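Text of the file coords_27.pdb, holding PDB, C-alpha atoms:
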```
MODEL        1
ATOM      1  CA  MET X   1      48.757  96.764  81.410
ATOM      2  CA  ASN X   2      48.704  97.143  77.652
ATOM      3  CA  LEU X   3      50.913  95.306  75.166
ATOM      4  CA  GLN X   4      53.334  98.188  74.681
ATOM      5  CA  THR X   5      53.953  98.554  78.422
ATOM      6  CA  ALA X   6      54.398  94.800  78.815
ATOM      7  CA  PHE X   7      56.914  94.769  75.959
ATOM      8  CA  GLY X   8      58.814  97.647  77.592
ATOM      9  CA  VAL X   9      58.984  95.811  80.921
ATOM     10  CA  VAL X  10      60.161  92.573  79.279
ATOM     11  CA  ALA X  11      62.770  94.431  77.199
ATOM     12  CA  THR X  12      64.055  96.264  80.286
ATOM     13  CA  LEU X  13      64.326  93.020  82.268
ATOM     14  CA  ALA X  14      66.115  91.299  79.363
ATOM     15  CA  ALA X  15      68.580  94.193  79.034
ATOM     16  CA  ALA X  16      69.182  94.171  82.796
ATOM     17  CA  ALA X  17      69.801  90.407  82.777
ATOM     18  CA  ALA X  18      72.230  90.772  79.852
ATOM     19  CA  LEU X  19      74.143  93.565  81.579
ATOM     20  CA  ILE X  20      74.310  91.669  84.871
ATOM     21  CA  ALA X  21      75.578  88.539  83.069
ATOM     22  CA  VAL X  22      78.492  90.249  81.293
ATOM     23  CA  PRO X  23      81.207  89.178  83.811
ATOM     24  CA  PHE X  24      80.009  85.564  83.586
ATOM     25  CA  VAL X  25      80.329  85.375  79.798
ATOM     26  CA  ALA X  26      83.136  87.849  79.087
ATOM     27  CA  ASP X  27      86.689  87.762  80.315
ATOM     28  CA  GLY X  28      89.971  89.500  79.611
ATOM     29  CA  TYR X  29      89.664  92.041  76.824
ATOM     30  CA  TRP X  30      85.856  91.972  76.581
ATOM     31  CA  LEU X  31      85.339  92.495  80.307
ATOM     32  CA  SER X  32      87.878  95.319  80.264
ATOM     33  CA  LEU X  33      85.998  96.851  77.343
ATOM     34  CA  ALA X  34      82.698  96.508  79.233
ATOM     35  CA  ILE X  35      84.239  98.229  82.267
ATOM     36  CA  GLY X  36      85.445 101.093  80.073
ATOM     37  CA  ILE X  37      82.037 101.451  78.433
ATOM     38  CA  MET X  38      80.298 101.404  81.806
ATOM     39  CA  ASN X  39      82.790 103.937  83.189
ATOM     40  CA  TYR X  40      82.195 106.379  80.343
ATOM     41  CA  THR X  41      78.442 105.764  80.559
ATOM     42  CA  VAL X  42      78.486 106.865  84.201
ATOM     43  CA  LEU X  43      80.690 109.887  83.460
ATOM     44  CA  ALA X  44      78.635 111.046  80.470
ATOM     45  CA  THR X  45      75.326 110.542  82.240
ATOM     46  CA  ALA X  46      76.536 112.364  85.347
ATOM     47  CA  TRP X  47      77.708 115.255  83.163
ATOM     48  CA  ALA X  48      74.367 115.348  81.347
ATOM     49  CA  LEU X  49      72.525 115.154  84.680
ATOM     50  CA  PHE X  50      74.001 118.518  85.635
ATOM     51  CA  SER X  51      74.429 120.219  82.274
ATOM     52  CA  GLY X  52      71.071 119.225  80.791
ATOM     53  CA  PRO X  53      68.655 120.846  83.245
ATOM     54  CA  THR X  54      70.910 123.811  84.080
ATOM     55  CA  ARG X  55      72.096 124.383  80.500
ATOM     56  CA  TYR X  56      75.557 125.115  81.900
ATOM     57  CA  VAL X  57      78.608 123.525  80.322
ATOM     58  CA  SER X  58      80.609 122.087  83.195
ATOM     59  CA  LEU X  59      84.114 120.804  82.618
ATOM     60  CA  ALA X  60      84.576 119.910  86.292
ATOM     61  CA  THR X  61      83.375 116.324  85.911
ATOM     62  CA  VAL X  62      86.929 115.269  85.160
ATOM     63  CA  ALA X  63      88.108 116.941  88.383
ATOM     64  CA  PHE X  64      85.668 114.935  90.489
ATOM     65  CA  PHE X  65      86.591 111.752  88.623
ATOM     66  CA  GLY X  66      90.272 112.492  89.210
ATOM     67  CA  ILE X  67      89.743 113.164  92.907
ATOM     68  CA  GLY X  68      87.984 109.829  93.290
ATOM     69  CA  ALA X  69      90.626 107.957  91.296
ATOM     70  CA  TYR X  70      93.476 109.551  93.254
ATOM     71  CA  THR X  71      91.775 108.732  96.550
ATOM     72  CA  VAL X  72      91.491 105.093  95.480
ATOM     73  CA  ALA X  73      95.129 105.048  94.332
ATOM     74  CA  VAL X  74      96.393 106.478  97.627
ATOM     75  CA  SER X  75      94.234 104.522 100.062
ATOM     76  CA  GLY X  76      93.288 101.407  98.077
ATOM     77  CA  GLU X  77      96.275  99.360  99.205
ATOM     78  CA  HIS X  78      95.930 100.152 102.898
ATOM     79  CA  LEU X  79      92.199 100.184 103.638
ATOM     80  CA  ALA X  80      89.223  97.923 103.058
ATOM     81  CA  TRP X  81      87.390  98.551  99.794
ATOM     82  CA  PRO X  82      84.092  99.793 101.319
ATOM     83  CA  LEU X  83      86.041 102.281 103.442
ATOM     84  CA  VAL X  84      87.961 103.470 100.371
ATOM     85  CA  LEU X  85      84.666 104.093  98.563
ATOM     86  CA  LEU X  86      83.257 106.005 101.539
ATOM     87  CA  ILE X  87      86.380 108.173 101.805
ATOM     88  CA  ALA X  88      86.310 108.928  98.059
ATOM     89  CA  LEU X  89      82.598 109.758  98.328
ATOM     90  CA  GLY X  90      83.206 112.042 101.318
ATOM     91  CA  ILE X  91      86.076 113.928  99.688
ATOM     92  CA  GLY X  92      84.123 114.293  96.456
ATOM     93  CA  LEU X  93      81.082 115.542  98.357
ATOM     94  CA  VAL X  94      83.087 118.148 100.273
ATOM     95  CA  VAL X  95      84.783 119.396  97.103
ATOM     96  CA  ALA X  96      81.433 119.473  95.267
ATOM     97  CA  LEU X  97      79.853 121.528  98.055
ATOM     98  CA  ILE X  98      82.757 123.984  98.056
ATOM     99  CA  VAL X  99      82.725 124.298  94.266
ATOM    100  CA  GLY X 100      78.935 124.518  94.143
ATOM    101  CA  LEU X 101      78.753 127.257  96.735
ATOM    102  CA  SER X 102      81.606 129.208  95.166
ATOM    103  CA  THR X 103      80.048 129.152  91.682
ATOM    104  CA  LEU X 104      76.482 130.147  92.548
ATOM    105  CA  ARG X 105      76.852 133.549  90.929
ATOM    106  CA  LEU X 106      78.774 132.445  87.832
ATOM    107  CA  SER X 107      77.106 131.870  84.486
ATOM    108  CA  GLY X 108      77.912 131.576  80.830
ATOM    109  CA  VAL X 109      81.518 131.534  79.747
ATOM    110  CA  TYR X 110      82.684 132.436  83.260
ATOM    111  CA  PHE X 111      81.270 129.185  84.601
ATOM    112  CA  VAL X 112      82.916 127.192  81.804
ATOM    113  CA  ILE X 113      86.288 128.856  82.445
ATOM    114  CA  PHE X 114      85.997 128.264  86.195
ATOM    115  CA  THR X 115      85.190 124.570  85.789
ATOM    116  CA  PHE X 116      88.036 124.125  83.306
ATOM    117  CA  GLY X 117      90.344 125.896  85.728
ATOM    118  CA  LEU X 118      89.155 123.643  88.549
ATOM    119  CA  ALA X 119      90.013 120.529  86.546
ATOM    120  CA  GLU X 120      93.444 121.932  85.727
ATOM    121  CA  LEU X 121      93.996 123.033  89.349
ATOM    122  CA  VAL X 122      93.259 119.531  90.638
ATOM    123  CA  ARG X 123      95.646 118.026  88.083
ATOM    124  CA  GLN X 124      98.416 120.489  88.945
ATOM    125  CA  LEU X 125      97.985 120.033  92.718
ATOM    126  CA  VAL X 126      98.169 116.243  92.439
ATOM    127  CA  THR X 127     101.218 116.453  90.145
ATOM    128  CA  TRP X 128     102.966 118.913  92.486
ATOM    129  CA  TYR X 129     102.252 116.733  95.513
ATOM    130  CA  GLU X 130     103.430 113.563  93.793
ATOM    131  CA  VAL X 131     106.664 115.092  92.504
ATOM    132  CA  ASN X 132     107.603 117.141  95.569
ATOM    133  CA  ARG X 133     106.341 114.996  98.439
ATOM    134  CA  THR X 134     106.366 111.379  97.281
ATOM    135  CA  HIS X 135     109.073 111.823  94.591
ATOM    136  CA  THR X 136     107.051 109.847  92.065
ATOM    137  CA  LEU X 137     104.873 110.671  89.120
ATOM    138  CA  GLY X 138     101.866 108.462  88.647
ATOM    139  CA  ARG X 139     100.386 105.669  90.695
ATOM    140  CA  TYR X 140      99.079 102.218  90.085
ATOM    141  CA  VAL X 141      95.730 101.214  91.501
ATOM    142  CA  PHE X 142      95.819  97.843  93.243
ATOM    143  CA  VAL X 143      92.597  96.737  94.900
ATOM    144  CA  GLU X 144      91.404  93.488  96.399
ATOM    145  CA  ILE X 145      88.312  93.149  94.199
ATOM    146  CA  THR X 146      87.867  91.385  90.889
ATOM    147  CA  THR X 147      87.144  92.961  87.532
ATOM    148  CA  GLY X 148      83.656  91.474  87.682
ATOM    149  CA  GLN X 149      83.016  93.276  90.966
ATOM    150  CA  ILE X 150      84.310  96.523  89.457
ATOM    151  CA  TYR X 151      81.907  96.069  86.539
ATOM    152  CA  TRP X 152      78.933  95.379  88.825
ATOM    153  CA  GLN X 153      79.752  98.415  90.982
ATOM    154  CA  LEU X 154      79.888 100.600  87.875
ATOM    155  CA  LEU X 155      76.615  99.064  86.689
ATOM    156  CA  ALA X 156      74.991  99.880  90.037
ATOM    157  CA  LEU X 157      76.368 103.419  89.838
ATOM    158  CA  ALA X 158      74.995 103.762  86.297
ATOM    159  CA  VAL X 159      71.566 102.643  87.502
ATOM    160  CA  LEU X 160      71.704 105.220  90.320
ATOM    161  CA  VAL X 161      72.748 107.999  87.948
ATOM    162  CA  PHE X 162      70.029 107.069  85.441
ATOM    163  CA  ALA X 163      67.438 106.987  88.248
ATOM    164  CA  ALA X 164      68.601 110.388  89.514
ATOM    165  CA  GLY X 165      68.402 111.716  85.961
ATOM    166  CA  ALA X 166      64.849 110.429  85.570
ATOM    167  CA  LEU X 167      63.877 112.060  88.859
ATOM    168  CA  VAL X 168      65.488 115.367  87.884
ATOM    169  CA  ARG X 169      63.868 115.262  84.440
ATOM    170  CA  ARG X 170      60.447 114.662  85.999
ATOM    171  CA  ARG X 171      60.967 117.547  88.442
ATOM    172  CA  VAL X 172      62.233 119.915  85.732
ATOM    173  CA  TRP X 173      59.261 119.166  83.469
ATOM    174  CA  ALA X 174      56.847 119.645  86.379
ATOM    175  CA  TRP X 175      58.523 122.951  87.207
ATOM    176  CA  ARG X 176      58.456 124.154  83.582
ATOM    177  CA  CYS X 177      54.826 123.177  83.126
ATOM    178  CA  ALA X 178      53.690 124.898  86.325
TER     179      ALA X 178
ENDMDL
END
```

Structure encoded using structure tokens:
Amino acid sequence: MNLQTAFGVVATLAAAAALIAVPFVADGYWLSLAIGIMNYTVLATAWALFSGPTRYVSLATVAFFGIGAYTVAVSGEHLAWPLVLLIALGIGLVVALIVGLSTLRLSGVYFVIFTFGLAELVRQLVTWYEVNRTHTLGRYVFVEITTGQIYWQLLALAVLVFAAGALVRRRVWAWRCA
């Protein structure tokens, strides 16, 4: 191992230790800020994971985020947290498969318009359901986990998304070079 590689490994380990330690040293506002940063890091990286290799502009990321958030808001008070995450994952996966299969032939501006329409459709369906069925507008999310646990879950999700992005990038470059 050369000096540059060793420095990269040490820097990565130091950054990982600093990120893992955030809930121990930050509280209140700073931990909330870290959660927001981690949340947007995951969203932006997930968007780039799709839009980068395909060169399609997808505005549906917000729809999938909204579906997950609404699932947590509806079931978070009644079910155990791991089950809530699995349900949100399952619903998101089913919707992603349906959307993916229905957009296989779309490209260019048509794909952008469809994904924008999907995000708006999800918002309108949730609003209609809330107003007409539950007679409310908006929900609070109450869960039995701490803000530190939320941060660490987002950090783990960010690591997974970054790893998936590295794998996709490696595959895309291998495909382009072949």

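The protein and nucleic acid residues lying at most 8 Å from range 31-46 of chain X are Val22, Pro23, Ala26, Asp27, Gly28, Tyr29, Ala48, Leu49, Phe50, Thr61, Thr147, Gly148, Ile150, Tyr151, Leu154, Leu155, Leu157, Ala158, Val161, Phe162 and Gly165 of chain X, with all atoms listed in the file considered and sequence neighbours fewer than 2 positions away removed.
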
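Among the candidates X:Val62, X:Ala166, X:Ala69, X:Leu13, the residue lying nearest to Val143 in chain X is X:Ala69 (atoms considered: all atoms listed in the file).
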
message = As an exercise, work out the distance from CA of Arg123 in chain X to CA of Thr146 in chain X in Å and give it to one decimal place.
response = 27.9 Å

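Minimum distance to Glu77 in chain X across X:Tyr140, X:Trp152, X:Phe7, X:Trp175 (counting all atoms listed in the file) occurs at X:Tyr140.
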
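Restricting the calculation to all atoms listed in the file, the smallest distance between Ser51 in chain X and any of X:Arg169, X:His78, X:Arg105, X:His135 is found for X:Arg169.
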
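Across the structure, CA of Ile91 in chain X and CA of Pro53 in chain X are spaced 24.9 Å apart.
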
task = Would you list the contacts of Ser58 in chain X as a list in words, taking every protein, DNA or RNA residue within 8 Å and counting all atoms listed in the file, but skipping same-chain residues closer than 5 positions in sequence?
result = Trp47, Phe50, Ser51, Phe111, Val112, Thr115 and Phe116 of chain X

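Near Leu85 in chain X, within a cut-off of 9 Å and counting all atoms listed in the file, sit the residues Gly68, Thr71, Val72, Ala80 and Gly90 of chain X, with same-chain residues fewer than 5 positions away left out.
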
key: Surrounding residues of Val94 in chain X excluding itself and chain neighbours under 6 positions, 12 Å, all atoms listed in the file, as a VMD selection string   = chain X and resid 64 67 to 68 87 to 88 100 to 101

Once you have the residues from the selection above, write them out as a tab-separated table (two decimals), in the coordinates of the input, restricted to C-alpha atoms.
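Writing the result to result19.tsv gives the following:
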```tsv
chain	number	residue	atom	x	y	z
X	64	PHE	CA	85.67	114.94	90.49
X	67	ILE	CA	89.74	113.16	92.91
X	68	GLY	CA	87.98	109.83	93.29
X	87	ILE	CA	86.38	108.17	101.80
X	88	ALA	CA	86.31	108.93	98.06
X	100	GLY	CA	78.94	124.52	94.14
X	101	LEU	CA	78.75	127.26	96.74
```

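Reported to one decimal place, the separation of CA of Trp173 in chain X from CA of Ala156 in chain X is 25.7 Å.
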
query = Within 10 Å of Gly108 in chain X, counting all atoms listed in the file, which residues qualify if same-chain residues fewer than 5 places away don't, as a list in words?
reply = Arg55, Tyr56, Val57 and Ile113 of chain X

Give the centre and edge lengths of an axis-aligned box, in Å to one decimal, that holds all listed atoms of range 120-138 of chain X with 3 Å on each side, as AutoDock Vina command-line options.
```
--center_x 101.2 --center_y 115.7 --center_z 92.1 --size_x 21.8 --size_y 20.6 --size_z 18.7
```

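Across X:Val172, X:Val99, X:Leu79, X:Ala60, the tightest approach to Gly117 in chain X is made by X:Ala60 when counting only C-alpha atoms.
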
key: Residues matched by the PyMOL selection byres ((chain X and resi 139) around 10), written as a list in words   = Tyr70, Ala73, Val74, Glu130, Thr136, Leu137, Gly138, Tyr140, Val141 and Phe142 of chain X

query = Nearest to Val159 in chain X among X:Thr103, X:Thr5, X:Val131, X:Leu19, with distances taken over all atoms listed in the file: which residue is it?
reply = X:Leu19

Provide range 65-76 of chain X rebuilt to all heavy atoms, formatted as a compact mmCIF listing (two decimals), keeping the file's coordinate frame.
```
# COMPACT_ATOMS: atom_id res chain seq x y z
N PHE X 65 86.13 113.09 88.97
CA PHE X 65 86.59 111.75 88.62
C PHE X 65 88.04 111.56 89.07
O PHE X 65 88.40 110.53 89.65
CB PHE X 65 86.47 111.53 87.12
CG PHE X 65 86.97 110.20 86.66
CD1 PHE X 65 86.18 109.07 86.80
CD2 PHE X 65 88.22 110.07 86.08
CE1 PHE X 65 86.64 107.83 86.37
CE2 PHE X 65 88.67 108.85 85.65
CZ PHE X 65 87.88 107.73 85.80
N GLY X 66 88.87 112.56 88.82
CA GLY X 66 90.27 112.49 89.21
C GLY X 66 90.47 112.44 90.72
O GLY X 66 91.33 111.71 91.21
N ILE X 67 89.66 113.19 91.45
CA ILE X 67 89.74 113.16 92.91
C ILE X 67 89.40 111.77 93.43
O ILE X 67 90.08 111.23 94.30
CB ILE X 67 88.82 114.24 93.52
CG1 ILE X 67 89.40 115.63 93.27
CG2 ILE X 67 88.62 114.01 95.01
CD1 ILE X 67 88.46 116.76 93.59
N GLY X 68 88.36 111.18 92.88
CA GLY X 68 87.98 109.83 93.29
C GLY X 68 89.05 108.81 92.94
O GLY X 68 89.40 107.94 93.75
N ALA X 69 89.59 108.90 91.73
CA ALA X 69 90.63 107.96 91.30
C ALA X 69 91.89 108.11 92.14
O ALA X 69 92.52 107.11 92.53
CB ALA X 69 90.95 108.18 89.82
N TYR X 70 92.28 109.34 92.44
CA TYR X 70 93.48 109.55 93.25
C TYR X 70 93.27 109.06 94.68
O TYR X 70 94.17 108.47 95.27
CB TYR X 70 93.86 111.03 93.24
CG TYR X 70 95.19 111.28 93.89
CD1 TYR X 70 96.37 110.85 93.27
CD2 TYR X 70 95.30 111.92 95.11
CE1 TYR X 70 97.60 111.06 93.86
CE2 TYR X 70 96.52 112.14 95.70
CZ TYR X 70 97.67 111.71 95.07
OH TYR X 70 98.89 111.91 95.65
N THR X 71 92.08 109.25 95.21
CA THR X 71 91.78 108.73 96.55
C THR X 71 91.90 107.21 96.58
O THR X 71 92.46 106.65 97.52
CB THR X 71 90.36 109.16 96.98
OG1 THR X 71 90.29 110.59 96.95
CG2 THR X 71 90.03 108.67 98.37
N VAL X 72 91.38 106.55 95.56
CA VAL X 72 91.49 105.09 95.48
C VAL X 72 92.96 104.68 95.34
O VAL X 72 93.40 103.72 95.98
CB VAL X 72 90.64 104.54 94.32
CG1 VAL X 72 90.96 103.09 94.05
CG2 VAL X 72 89.16 104.73 94.62
N ALA X 73 93.72 105.40 94.53
CA ALA X 73 95.13 105.05 94.33
C ALA X 73 95.93 105.20 95.61
O ALA X 73 96.81 104.40 95.91
CB ALA X 73 95.73 105.91 93.22
N VAL X 74 95.64 106.23 96.39
CA VAL X 74 96.39 106.48 97.63
C VAL X 74 95.99 105.52 98.75
O VAL X 74 96.83 104.99 99.45
CB VAL X 74 96.21 107.95 98.07
CG1 VAL X 74 96.74 108.18 99.47
CG2 VAL X 74 96.89 108.87 97.08
N SER X 75 94.69 105.29 98.90
CA SER X 75 94.23 104.52 100.06
C SER X 75 93.82 103.09 99.74
O SER X 75 93.55 102.32 100.65
CB SER X 75 93.07 105.25 100.73
OG SER X 75 91.99 105.38 99.83
N GLY X 76 93.78 102.72 98.47
CA GLY X 76 93.29 101.41 98.08
C GLY X 76 94.11 100.25 98.58
O GLY X 76 93.59 99.16 98.82
```
